[in-house]
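**Student:** Encoded as structure tokens, here's the structure I'll be asking about.
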Amino acid sequence: MTVSLPPAGTPNQSGASSKQRLPPAGTPNQSGASSKQRLPPAGTPNQSGASSKQRLPPAGTPNQSGASSKQRLLDPGFLQKLEALSLLSRKRVCGVQRGERRSTARGRGVEFDDYRAYQPGDDYRYIDWNVVSRLDRLFIKLFSEEEDLDVLLMVDTSASMAAGHPSKLLLAKHLAAAVGYIGLANLDRVGVSAFASTAGARLERLRGRARAGDLLGFLEKLEPSGETDLLAAMRRQLAASRRRGLLVLLTDLFDPRGYERALLLARARRFQTFLIHLLADEELAPRLAGDLRLVDAETGRAVEVTVDAEALRAYAAARDAFFHGIERFCFHHGIDYLRTTTSVSVESLVLRWLRQGGLVR
Amino acid sequence: MTLGAPAALWGLLAVPFLILLYLLRVRRRDHPVSSVLLWQRSAATLAAYRPSRRIERSLLLLLQILATAALVTGLARPAVISPYAPGDLLLVLDLSLSMRARDVSPTRFDRARREALEAASRLRAGQRAGVVIAGARPELLVPLTFDRARIAAALRGLEPQDASGDVSGAVALAAEHPLGPGGRILVWTDAARGPLPALPQEVYRILGTSDDNAGITMFRAAHGPDGAEALLRVDNFSGRPRRIPVDVTHERTEVYRGTLDLPGGGSRTVVFPVPASGVFQARLVAHDLLPDDDVASAVLDPAPLPAVLLVSQGNPYLERLLQVLPVARAVETRTADPRTWGAFGVVILDRTDPGPVPPGDYLMIDAVAPNIPAAAAGEVGGPRFATWDRTDPILHYVDLSGVRVARALALAPQGGRVLAGGDVPLLWAYEGGGIRALVLGFALQDSDLPQRVAFPILMANSLAWLGGGGLEVRAGEALQVPAGGAAAADLIHPDGRRQVVRAAEGMLLLPPLTRAGVYRLRGPGGDREITVLSADRRAGLIRPGTAPATARPAGPGGGLLSSQVPLWPWFLLGAVGVAVGEWVLATRRPGGEA
């Protein structure tokens, strides 16, 4: 399932994704290429503000151990809304424990999947006698097994993620917390890894709502630093993953080495990848003018620029080309893609745009 | 449009310097961004490294260049030319000899007069004009008037003089006349002789293009100890050496021929004998731009001193002296009959009481006519020559020291000049009422003066002053000649033109003699030659000068007639405005700096 939409006029291969043509409202895009700006609308209040800290979790909230972390990252009311959601996997997954998700393994589940001819050794209990009586041939029913889902959250903690108001990293932590909580609430295995140029903190796979505190506490401690090296981070992460599953990548993709090889590596390892592209408003439309020496927050590399209207137009063109390249890449390789800015609220992102994007339901 | 100070345009060289500074100076502010990835991919960013791109895109630089250009242009004092000039006009014309030069067709002066006439013809109603001439003596020829016809007539009657015009004096004279708002003094000159004054209301029209001239700057003939000689000096006023043939004729007979080699700016003098008295004419056989100074005349008078009538009861000193001095004629008589005196240039009244004397020239010795203001109140004994005026022409080379006088008239003059004396005047000169008189207050027999060398010199000087045969004046000078009882005389100009000169109070008032050459004053007593010399040696300089730097420039022709509307205040205002705009823009731009 592709969350981000192809460029206008490109046939959509997914019925779900066609509903994800998100309006660019709230983004000060001056290029006029609105069709390329697949951004969730702004204007929805961000729930990560101070108000969330003042609201107490509702009675009966299962996890009390990590209450403080949850209060910082997730609003209790928002948590209740997350309880009703679950993560969607477009691919059948093969878990290690019974869960609430259809598995590629057939047999013991309760959800009918298909028929096949009886073969010696098959369990007699699955022979469909109705079919035998009509066709006079032995067929057995195949059922999908419901297993747990491995959810891997990769959070970019490079220095560039500190940009934005609120910062991109904070938004990434909110999203990771929400998605992770949904997974834990649905008995999926949730793992989190922070990455920059070097291996960052890592949280082993958690299962069950009771581990939500650990998840939120882990995310709370993440701080932006270092350079982005997406490929190295992906290699490390995939090397440590024994099971394929759902990979949610939260990053700004400002990697001078490119993002393509990292995403292809995840695809080669049969991960269903959902890319959430986070941007700050000033990255979309810089409010700069004059003769400047722009210094990269990660690399320290400087670029001398005379910023005028034409330079800003050229920047917008480069930005649109960058976005278009990402969208096209993801479309061609079956990677779900959602681009958003820090001005969009987490609740709106999760409850509306991630649902429309097919990550949750 | 015209520029008052075009040299200021060199300041435009500051513009490329400004661009260079703009390119060289480091002005970028560090600005942290999350990533430069997209900026690096921006074509504009790469283009921003190119200097041409930066120049092209910098509004601030453009404004700075505009401000600089406006400032420099303003300093060049631009002005637009209006075909009309408001206010009064004073037209000053240089009448110098050099204005006859023909490097401007037909001559510099003709061109100047034509332009002045054009200026006068373009006067509007309510505009006044006047004419000042810059001759040897500046003169306000026509005061400010609305009468254009009078202006035109005065201009048409002007002719250059054989003298150097006093342009500075004429400009000063013109500046004394108050002009209305916008009034201007238009000066036509070649500025060949020195700097010109710079006044704000002046507009100079400099005429002339060349310095090619050689001329005769002195030509005289005189009797010498070895006979008559002539002196001729020729100046080469041009910068290149010249070889100039010269010939001198006397009554169409060649008396001298030679060729003078003159270096650039140099001169040469030749002296040669002349065989007879009369008028000599020297001529340079050369082609230059000022032919008027290529011809000169000199008169060698056979009798430099006038005809003399001695009225005396007998004076051997004077009788013997008159036989020696080169007087035209000397007659002695014992009776004083004024009716016969008109035929003599000078009448000597020696110890004779003549009664009232008619207009004429008199040498009175121990006698005073009652109609001259010097009454004799008795006699004094043993007066001495305590002082005498050595600078007076009458006392040139006269040494009166030690001269003893036994007794003398106690003169009490009123007016005139006391030339020598002590307690009482002993030598007194008077001019007035047509009478020119020199009174010697003692008898020659009562003094040892006749035994001294000073005596013949004093007598010769006195006779020459009273009525010398030949008169020599500088061009442009006015001259009064005693009429000797005549009511009028004919003045014959060097070109043969005849002019009647009337007598007033016993004096013939001659007009200014502006042309070099020999004039003849023809009266009842005979002809009298007046040699007019070129006013000064530098009159032949024709190299045109320049107008003062601070004066208003004028183009040829209509440039003088037009007025200039200054634009520089607007340029300077624009420069300030653009500079302020640039400053405001630079300080308000988010990332900008001036």
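Starting from 1 in every chain, residues are counted up; chains themselves are A, B, ... following the order of the structure tokens, and ligands are numbered from 1 as listed.
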Can you build me a table of chain A residues sitting at most 10 Å from chain B, with the closest atom pair per residue and its distance in Å to one decimal, using only C-alpha atoms, sorted by chain and residue number, as JSON lines?
**Tutor:**
{"residue": "A:Ser158", "atom": "CA", "partner": "B:Ser34", "partner_atom": "CA", "distance": 9.7}
{"residue": "A:Ala159", "atom": "CA", "partner": "B:Ser34", "partner_atom": "CA", "distance": 7.3}
{"residue": "A:Ser160", "atom": "CA", "partner": "B:Ser34", "partner_atom": "CA", "distance": 4.4}
{"residue": "A:Met161", "atom": "CA", "partner": "B:Ser34", "partner_atom": "CA", "distance": 7.3}
{"residue": "A:Ala162", "atom": "CA", "partner": "B:Ser34", "partner_atom": "CA", "distance": 7.6}
{"residue": "A:Ala163", "atom": "CA", "partner": "B:Ser34", "partner_atom": "CA", "distance": 5.9}
{"residue": "A:Gly164", "atom": "CA", "partner": "B:Ser34", "partner_atom": "CA", "distance": 9.1}
{"residue": "A:Asp252", "atom": "CA", "partner": "B:Ser34", "partner_atom": "CA", "distance": 9.7}
{"residue": "A:Leu253", "atom": "CA", "partner": "B:Leu37", "partner_atom": "CA", "distance": 9.9}
{"residue": "A:Phe254", "atom": "CA", "partner": "B:Ser35", "partner_atom": "CA", "distance": 6.5}
{"residue": "A:Asp255", "atom": "CA", "partner": "B:Leu37", "partner_atom": "CA", "distance": 7.9}
{"residue": "A:Pro256", "atom": "CA", "partner": "B:Leu37", "partner_atom": "CA", "distance": 6.6}
{"residue": "A:Leu279", "atom": "CA", "partner": "B:Ser34", "partner_atom": "CA", "distance": 10.0}
{"residue": "A:Ala280", "atom": "CA", "partner": "B:Ser34", "partner_atom": "CA", "distance": 9.1}
{"residue": "A:Glu282", "atom": "CA", "partner": "B:Val33", "partner_atom": "CA", "distance": 9.0}
{"residue": "A:Glu283", "atom": "CA", "partner": "B:Ser34", "partner_atom": "CA", "distance": 7.9}
{"residue": "A:Leu284", "atom": "CA", "partner": "B:Leu38", "partner_atom": "CA", "distance": 10.0}
{"residue": "A:Pro286", "atom": "CA", "partner": "B:Val33", "partner_atom": "CA", "distance": 9.5}
{"residue": "A:Arg287", "atom": "CA", "partner": "B:Pro590", "partner_atom": "CA", "distance": 8.4}
{"residue": "A:Leu288", "atom": "CA", "partner": "B:Gly591", "partner_atom": "CA", "distance": 6.4}
{"residue": "A:Ala289", "atom": "CA", "partner": "B:Gly591", "partner_atom": "CA", "distance": 4.7}
{"residue": "A:Gly290", "atom": "CA", "partner": "B:Gly592", "partner_atom": "CA", "distance": 4.5}
{"residue": "A:Asp291", "atom": "CA", "partner": "B:Arg28", "partner_atom": "CA", "distance": 4.9}
{"residue": "A:Leu292", "atom": "CA", "partner": "B:Arg28", "partner_atom": "CA", "distance": 4.5}
{"residue": "A:Arg293", "atom": "CA", "partner": "B:Asp30", "partner_atom": "CA", "distance": 4.6}
{"residue": "A:Leu294", "atom": "CA", "partner": "B:His31", "partner_atom": "CA", "distance": 4.9}
{"residue": "A:Val295", "atom": "CA", "partner": "B:Pro32", "partner_atom": "CA", "distance": 4.7}
{"residue": "A:Asp296", "atom": "CA", "partner": "B:Ser35", "partner_atom": "CA", "distance": 4.8}
{"residue": "A:Ala297", "atom": "CA", "partner": "B:Ser34", "partner_atom": "CA", "distance": 5.0}
{"residue": "A:Glu298", "atom": "CA", "partner": "B:Ser35", "partner_atom": "CA", "distance": 7.1}
{"residue": "A:Thr299", "atom": "CA", "partner": "B:Ser35", "partner_atom": "CA", "distance": 8.3}
{"residue": "A:Gly300", "atom": "CA", "partner": "B:Pro32", "partner_atom": "CA", "distance": 8.8}
{"residue": "A:Arg301", "atom": "CA", "partner": "B:Val36", "partner_atom": "CA", "distance": 7.7}
{"residue": "A:Ala302", "atom": "CA", "partner": "B:Val36", "partner_atom": "CA", "distance": 7.6}
{"residue": "A:Val303", "atom": "CA", "partner": "B:Val36", "partner_atom": "CA", "distance": 7.0}
{"residue": "A:Glu304", "atom": "CA", "partner": "B:Arg28", "partner_atom": "CA", "distance": 7.4}
{"residue": "A:Val305", "atom": "CA", "partner": "B:Thr45", "partner_atom": "CA", "distance": 5.5}
{"residue": "A:Thr306", "atom": "CA", "partner": "B:Ala48", "partner_atom": "CA", "distance": 5.8}
{"residue": "A:Val307", "atom": "CA", "partner": "B:Thr45", "partner_atom": "CA", "distance": 8.1}
{"residue": "A:Asp308", "atom": "CA", "partner": "B:Arg57", "partner_atom": "CA", "distance": 7.7}
{"residue": "A:Ala309", "atom": "CA", "partner": "B:Arg57", "partner_atom": "CA", "distance": 9.4}
{"residue": "A:Glu310", "atom": "CA", "partner": "B:Ala44", "partner_atom": "CA", "distance": 7.0}
{"residue": "A:Ala311", "atom": "CA", "partner": "B:Ala44", "partner_atom": "CA", "distance": 4.8}
{"residue": "A:Leu312", "atom": "CA", "partner": "B:Ala44", "partner_atom": "CA", "distance": 8.0}
{"residue": "A:Arg313", "atom": "CA", "partner": "B:Ala44", "partner_atom": "CA", "distance": 8.3}
{"residue": "A:Ala314", "atom": "CA", "partner": "B:Ser42", "partner_atom": "CA", "distance": 5.4}
{"residue": "A:Tyr315", "atom": "CA", "partner": "B:Ser42", "partner_atom": "CA", "distance": 5.1}
{"residue": "A:Ala316", "atom": "CA", "partner": "B:Ser42", "partner_atom": "CA", "distance": 8.3}
{"residue": "A:Ala317", "atom": "CA", "partner": "B:Ser42", "partner_atom": "CA", "distance": 7.5}
{"residue": "A:Ala318", "atom": "CA", "partner": "B:Ser42", "partner_atom": "CA", "distance": 5.4}
{"residue": "A:Arg319", "atom": "CA", "partner": "B:Leu38", "partner_atom": "CA", "distance": 6.1}
{"residue": "A:Asp320", "atom": "CA", "partner": "B:Leu38", "partner_atom": "CA", "distance": 9.7}
{"residue": "A:Ala321", "atom": "CA", "partner": "B:Arg41", "partner_atom": "CA", "distance": 9.5}
{"residue": "A:Phe322", "atom": "CA", "partner": "B:Leu38", "partner_atom": "CA", "distance": 7.8}
**Student:** Please list as a VMD selection string every residue within 9 Å of range 107-111 of chain B, counting only C-alpha atoms and excluding residues in the same chain fewer than 5 positions away.
**Tutor:** chain B and resid 93 to 96 98 to 102 116 159 to 160 188 to 190 207 to 208
**Student:** Take the residues from that selection and put them in a file with N, CA and C atoms, as a PDB file, in the first residue's frame.
**Tutor:**
ATOM      1  N   LEU B  93      32.453  94.226 -26.102  1.00  0.00           N
ATOM      2  CA  LEU B  93      33.217  93.809 -27.275  1.00  0.00           C
ATOM      3  C   LEU B  93      34.662  94.262 -27.134  1.00  0.00           C
ATOM      4  N   ASP B  94      35.522  93.328 -27.385  1.00  0.00           N
ATOM      5  CA  ASP B  94      36.949  93.595 -27.339  1.00  0.00           C
ATOM      6  C   ASP B  94      37.356  94.287 -28.642  1.00  0.00           C
ATOM      7  N   LEU B  95      37.938  95.475 -28.544  1.00  0.00           N
ATOM      8  CA  LEU B  95      38.351  96.229 -29.735  1.00  0.00           C
ATOM      9  C   LEU B  95      39.853  96.143 -29.959  1.00  0.00           C
ATOM     10  N   SER B  96      40.463  95.107 -29.409  1.00  0.00           N
ATOM     11  CA  SER B  96      41.912  94.981 -29.541  1.00  0.00           C
ATOM     12  C   SER B  96      42.300  94.774 -30.999  1.00  0.00           C
ATOM     13  N   SER B  98      44.151  92.507 -31.992  1.00  0.00           N
ATOM     14  CA  SER B  98      44.115  91.077 -32.285  1.00  0.00           C
ATOM     15  C   SER B  98      42.750  90.623 -32.772  1.00  0.00           C
ATOM     16  N   MET B  99      41.723  91.414 -32.492  1.00  0.00           N
ATOM     17  CA  MET B  99      40.390  91.029 -32.951  1.00  0.00           C
ATOM     18  C   MET B  99      40.239  91.199 -34.465  1.00  0.00           C
ATOM     19  N   ARG B 100      41.256  91.805 -35.094  1.00  0.00           N
ATOM     20  CA  ARG B 100      41.233  91.877 -36.556  1.00  0.00           C
ATOM     21  C   ARG B 100      41.746  90.588 -37.194  1.00  0.00           C
ATOM     22  N   ALA B 101      42.227  89.670 -36.408  1.00  0.00           N
ATOM     23  CA  ALA B 101      42.782  88.431 -36.955  1.00  0.00           C
ATOM     24  C   ALA B 101      41.727  87.697 -37.771  1.00  0.00           C
ATOM     25  N   ARG B 102      42.204  87.051 -38.819  1.00  0.00           N
ATOM     26  CA  ARG B 102      41.288  86.453 -39.785  1.00  0.00           C
ATOM     27  C   ARG B 102      41.196  84.945 -39.648  1.00  0.00           C
ATOM     28  N   ALA B 116      26.827  89.725 -31.534  1.00  0.00           N
ATOM     29  CA  ALA B 116      26.255  90.735 -30.639  1.00  0.00           C
ATOM     30  C   ALA B 116      24.981  91.317 -31.239  1.00  0.00           C
ATOM     31  N   GLU B 159      34.765  99.687 -34.588  1.00  0.00           N
ATOM     32  CA  GLU B 159      35.910  99.134 -35.309  1.00  0.00           C
ATOM     33  C   GLU B 159      37.010  98.847 -34.305  1.00  0.00           C
ATOM     34  N   PRO B 160      37.749  97.790 -34.509  1.00  0.00           N
ATOM     35  CA  PRO B 160      38.869  97.523 -33.595  1.00  0.00           C
ATOM     36  C   PRO B 160      39.920  98.615 -33.693  1.00  0.00           C
ATOM     37  N   TRP B 188      32.634  89.322 -25.763  1.00  0.00           N
ATOM     38  CA  TRP B 188      33.274  88.747 -26.942  1.00  0.00           C
ATOM     39  C   TRP B 188      34.732  89.188 -26.930  1.00  0.00           C
ATOM     40  N   THR B 189      35.619  88.263 -26.864  1.00  0.00           N
ATOM     41  CA  THR B 189      37.038  88.594 -26.815  1.00  0.00           C
ATOM     42  C   THR B 189      37.833  87.387 -27.283  1.00  0.00           C
ATOM     43  N   ASP B 190      39.109  87.639 -27.559  1.00  0.00           N
ATOM     44  CA  ASP B 190      39.990  86.511 -27.848  1.00  0.00           C
ATOM     45  C   ASP B 190      40.869  86.193 -26.649  1.00  0.00           C
ATOM     46  N   LEU B 207      36.949  83.954 -29.060  1.00  0.00           N
ATOM     47  CA  LEU B 207      37.078  83.831 -30.507  1.00  0.00           C
ATOM     48  C   LEU B 207      38.544  83.617 -30.861  1.00  0.00           C
ATOM     49  N   GLY B 208      38.770  82.905 -31.941  1.00  0.00           N
ATOM     50  CA  GLY B 208      40.136  82.707 -32.403  1.00  0.00           C
ATOM     51  C   GLY B 208      40.590  81.285 -32.241  1.00  0.00           C
TER      52      GLY B 208
END
**Student:** Would you list the contacts of Ala222 in chain B as a ChimeraX atom specification, taking every protein, DNA or RNA residue within 12 Å and counting only C-alpha atoms, but skipping same-chain residues closer than 6 positions in sequence?
**Tutor:** /B:228-232,271-280,298-304,470
**Student:** Go ahead and dump the residues you just picked, N, CA and C atoms, as a compact mmCIF listing (two decimals), in the first residue's frame.
**Tutor:**
# COMPACT_ATOMS: atom_id res chain seq x y z
N ALA B 228 70.31 110.94 -40.76
CA ALA B 228 69.01 110.38 -40.38
C ALA B 228 69.06 108.85 -40.38
N GLU B 229 68.38 108.27 -39.43
CA GLU B 229 68.33 106.81 -39.31
C GLU B 229 66.89 106.39 -39.02
N ALA B 230 66.63 105.16 -39.37
CA ALA B 230 65.32 104.58 -39.04
C ALA B 230 65.55 103.33 -38.21
N LEU B 231 64.63 103.08 -37.29
CA LEU B 231 64.70 101.89 -36.43
C LEU B 231 63.42 101.08 -36.65
N LEU B 232 63.63 99.82 -36.93
CA LEU B 232 62.48 98.94 -37.21
C LEU B 232 62.60 97.69 -36.35
N VAL B 271 68.45 98.73 -37.76
CA VAL B 271 68.63 100.18 -37.89
C VAL B 271 69.31 100.43 -39.23
N PHE B 272 68.75 101.34 -39.95
CA PHE B 272 69.32 101.60 -41.28
C PHE B 272 69.21 103.09 -41.57
N PRO B 273 70.11 103.62 -42.38
CA PRO B 273 70.05 105.06 -42.72
C PRO B 273 68.93 105.35 -43.70
N VAL B 274 68.38 106.53 -43.53
CA VAL B 274 67.37 106.98 -44.49
C VAL B 274 67.88 108.27 -45.12
N PRO B 275 67.62 108.46 -46.36
CA PRO B 275 68.29 109.54 -47.08
C PRO B 275 67.63 110.90 -46.93
N ALA B 276 66.34 110.96 -46.65
CA ALA B 276 65.68 112.26 -46.68
C ALA B 276 64.60 112.31 -45.64
N SER B 277 64.03 113.50 -45.47
CA SER B 277 62.92 113.66 -44.55
C SER B 277 61.63 113.28 -45.24
N GLY B 278 60.62 113.07 -44.41
CA GLY B 278 59.30 112.73 -44.96
C GLY B 278 58.72 111.51 -44.28
N VAL B 279 57.75 110.90 -44.95
CA VAL B 279 57.04 109.75 -44.39
C VAL B 279 57.63 108.48 -44.98
N PHE B 280 57.98 107.57 -44.10
CA PHE B 280 58.52 106.28 -44.51
C PHE B 280 57.48 105.20 -44.18
N ALA B 298 56.51 105.99 -40.40
CA ALA B 298 57.31 106.86 -39.53
C ALA B 298 57.56 108.16 -40.28
N VAL B 299 57.64 109.21 -39.51
CA VAL B 299 57.83 110.53 -40.10
C VAL B 299 59.19 111.08 -39.65
N LEU B 300 59.93 111.52 -40.60
CA LEU B 300 61.18 112.21 -40.29
C LEU B 300 60.98 113.67 -40.66
N ASP B 301 60.77 114.48 -39.62
CA ASP B 301 60.47 115.89 -39.86
C ASP B 301 61.77 116.65 -40.06
N PRO B 302 61.87 117.41 -41.12
CA PRO B 302 63.10 118.19 -41.31
C PRO B 302 63.27 119.26 -40.25
N ALA B 303 62.18 119.68 -39.69
CA ALA B 303 62.26 120.69 -38.63
C ALA B 303 61.41 120.24 -37.48
N PRO B 304 62.00 119.57 -36.54
CA PRO B 304 61.20 119.02 -35.46
C PRO B 304 60.59 120.09 -34.58
N GLY B 470 56.32 117.60 -35.02
CA GLY B 470 55.70 116.27 -35.13
C GLY B 470 55.15 115.84 -33.80
**Student:** Please identify which residues in range 277-361 of chain A DSSP calls strand (DSSP E or B) from the backbone, and express them as number ranges by chain.
**Tutor:** A: 277-279, 290-296, 302-307, 336-341, 360
**Student:** Would you mind exporting C-alpha atoms of the selected residues as an mmCIF file, in the first residue's frame?
**Tutor:**
data_model
loop_
_atom_site.group_PDB
_atom_site.id
_atom_site.type_symbol
_atom_site.label_atom_id
_atom_site.label_comp_id
_atom_site.auth_asym_id
_atom_site.auth_seq_id
_atom_site.Cartn_x
_atom_site.Cartn_y
_atom_site.Cartn_z
ATOM 1 C CA HIS A 277 8.770 12.289 6.034
ATOM 2 C CA LEU A 278 8.974 15.062 8.575
ATOM 3 C CA LEU A 279 9.691 18.633 7.620
ATOM 4 C CA GLY A 290 20.215 38.741 1.551
ATOM 5 C CA ASP A 291 23.726 37.432 1.368
ATOM 6 C CA LEU A 292 23.984 34.502 3.695
ATOM 7 C CA ARG A 293 26.327 31.744 4.569
ATOM 8 C CA LEU A 294 24.080 28.819 5.321
ATOM 9 C CA VAL A 295 25.641 26.365 7.733
ATOM 10 C CA ASP A 296 24.461 22.797 7.799
ATOM 11 C CA ALA A 302 28.514 26.079 4.530
ATOM 12 C CA VAL A 303 26.891 27.307 1.384
ATOM 13 C CA GLU A 304 27.098 30.950 0.386
ATOM 14 C CA VAL A 305 23.831 32.111 -1.005
ATOM 15 C CA THR A 306 22.442 35.400 -2.149
ATOM 16 C CA VAL A 307 18.841 34.850 -1.299
ATOM 17 C CA ASP A 336 4.100 3.798 1.856
ATOM 18 C CA TYR A 337 4.930 7.460 2.129
ATOM 19 C CA LEU A 338 3.495 10.250 4.146
ATOM 20 C CA ARG A 339 4.953 13.738 4.297
ATOM 21 C CA THR A 340 4.038 16.158 6.998
ATOM 22 C CA THR A 341 5.233 19.245 8.740
ATOM 23 C CA VAL A 360 -3.721 2.126 11.128
#
**Student:** So how many Å separate CA of Ala212 in chain A and CA of Leu359 in chain A, to one decimal?
**Tutor:**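 Between these atoms lies a distance of 19.0 Å.
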**Student:** Show me, as a list in words, the residues that have an atom within 12 Å of Pro181 in chain B when counting only C-alpha atoms, minus same-chain residues fewer than 5 positions from it.
**Tutor:**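 Here the qualifying residues turn out to be Ala85, Pro86, Gly87, Asp88, Leu89, Gln127, Arg128 and Gln201 of chain B.
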**Student:** Pull all heavy atoms from the residues just selected and write them as a PDB file, in the first residue's frame.
**Tutor:**
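Wrote part-v5.pdb, looks like this:
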ATOM      1  N   ALA B  85      17.463  84.102 -22.996  1.00  0.00           N
ATOM      2  CA  ALA B  85      18.101  84.508 -21.752  1.00  0.00           C
ATOM      3  C   ALA B  85      17.272  85.620 -21.132  1.00  0.00           C
ATOM      4  O   ALA B  85      17.046  86.651 -21.768  1.00  0.00           O
ATOM      5  CB  ALA B  85      19.509  85.010 -22.037  1.00  0.00           C
ATOM      6  N   PRO B  86      16.824  85.426 -19.954  1.00  0.00           N
ATOM      7  CA  PRO B  86      16.053  86.483 -19.324  1.00  0.00           C
ATOM      8  C   PRO B  86      16.991  87.565 -18.774  1.00  0.00           C
ATOM      9  O   PRO B  86      18.191  87.364 -18.623  1.00  0.00           O
ATOM     10  CB  PRO B  86      15.330  85.750 -18.195  1.00  0.00           C
ATOM     11  CG  PRO B  86      16.260  84.632 -17.845  1.00  0.00           C
ATOM     12  CD  PRO B  86      16.946  84.233 -19.107  1.00  0.00           C
ATOM     13  N   GLY B  87      16.432  88.698 -18.462  1.00  0.00           N
ATOM     14  CA  GLY B  87      17.200  89.747 -17.798  1.00  0.00           C
ATOM     15  C   GLY B  87      17.931  90.650 -18.776  1.00  0.00           C
ATOM     16  O   GLY B  87      17.939  90.467 -19.991  1.00  0.00           O
ATOM     17  N   ASP B  88      18.577  91.674 -18.203  1.00  0.00           N
ATOM     18  CA  ASP B  88      19.306  92.654 -19.011  1.00  0.00           C
ATOM     19  C   ASP B  88      20.604  92.057 -19.548  1.00  0.00           C
ATOM     20  O   ASP B  88      21.178  91.145 -18.946  1.00  0.00           O
ATOM     21  CB  ASP B  88      19.637  93.871 -18.143  1.00  0.00           C
ATOM     22  CG  ASP B  88      18.370  94.553 -17.646  1.00  0.00           C
ATOM     23  OD1 ASP B  88      17.337  94.437 -18.327  1.00  0.00           O
ATOM     24  OD2 ASP B  88      18.419  95.169 -16.566  1.00  0.00           O
ATOM     25  N   LEU B  89      21.026  92.622 -20.655  1.00  0.00           N
ATOM     26  CA  LEU B  89      22.277  92.162 -21.273  1.00  0.00           C
ATOM     27  C   LEU B  89      23.209  93.346 -21.452  1.00  0.00           C
ATOM     28  O   LEU B  89      22.800  94.399 -21.948  1.00  0.00           O
ATOM     29  CB  LEU B  89      22.009  91.529 -22.650  1.00  0.00           C
ATOM     30  CG  LEU B  89      21.190  90.250 -22.689  1.00  0.00           C
ATOM     31  CD1 LEU B  89      21.065  89.788 -24.141  1.00  0.00           C
ATOM     32  CD2 LEU B  89      21.861  89.171 -21.870  1.00  0.00           C
ATOM     33  N   GLN B 127      13.275  93.685 -21.964  1.00  0.00           N
ATOM     34  CA  GLN B 127      14.694  93.411 -21.741  1.00  0.00           C
ATOM     35  C   GLN B 127      15.511  94.606 -22.208  1.00  0.00           C
ATOM     36  O   GLN B 127      15.282  95.135 -23.304  1.00  0.00           O
ATOM     37  CB  GLN B 127      15.131  92.170 -22.519  1.00  0.00           C
ATOM     38  CG  GLN B 127      15.032  90.882 -21.723  1.00  0.00           C
ATOM     39  CD  GLN B 127      15.671  89.746 -22.507  1.00  0.00           C
ATOM     40  OE1 GLN B 127      15.173  89.365 -23.544  1.00  0.00           O
ATOM     41  NE2 GLN B 127      16.759  89.230 -21.981  1.00  0.00           N
ATOM     42  N   ARG B 128      16.475  94.994 -21.400  1.00  0.00           N
ATOM     43  CA  ARG B 128      17.347  96.098 -21.776  1.00  0.00           C
ATOM     44  C   ARG B 128      18.709  95.546 -22.188  1.00  0.00           C
ATOM     45  O   ARG B 128      19.084  94.439 -21.814  1.00  0.00           O
ATOM     46  CB  ARG B 128      17.530  97.046 -20.598  1.00  0.00           C
ATOM     47  CG  ARG B 128      16.246  97.691 -20.119  1.00  0.00           C
ATOM     48  CD  ARG B 128      16.537  98.615 -18.961  1.00  0.00           C
ATOM     49  NE  ARG B 128      17.172  97.922 -17.859  1.00  0.00           N
ATOM     50  CZ  ARG B 128      17.707  98.521 -16.798  1.00  0.00           C
ATOM     51  NH1 ARG B 128      17.699  99.835 -16.715  1.00  0.00           N
ATOM     52  NH2 ARG B 128      18.249  97.816 -15.820  1.00  0.00           N
ATOM     53  N   GLN B 201      27.827  86.650 -13.368  1.00  0.00           N
ATOM     54  CA  GLN B 201      26.871  86.965 -14.417  1.00  0.00           C
ATOM     55  C   GLN B 201      27.516  87.063 -15.793  1.00  0.00           C
ATOM     56  O   GLN B 201      26.883  87.461 -16.748  1.00  0.00           O
ATOM     57  CB  GLN B 201      26.130  88.265 -14.098  1.00  0.00           C
ATOM     58  CG  GLN B 201      26.997  89.516 -14.145  1.00  0.00           C
ATOM     59  CD  GLN B 201      27.626  89.835 -12.809  1.00  0.00           C
ATOM     60  OE1 GLN B 201      28.008  88.931 -12.085  1.00  0.00           O
ATOM     61  NE2 GLN B 201      27.718  91.101 -12.466  1.00  0.00           N
TER      62      GLN B 201
END
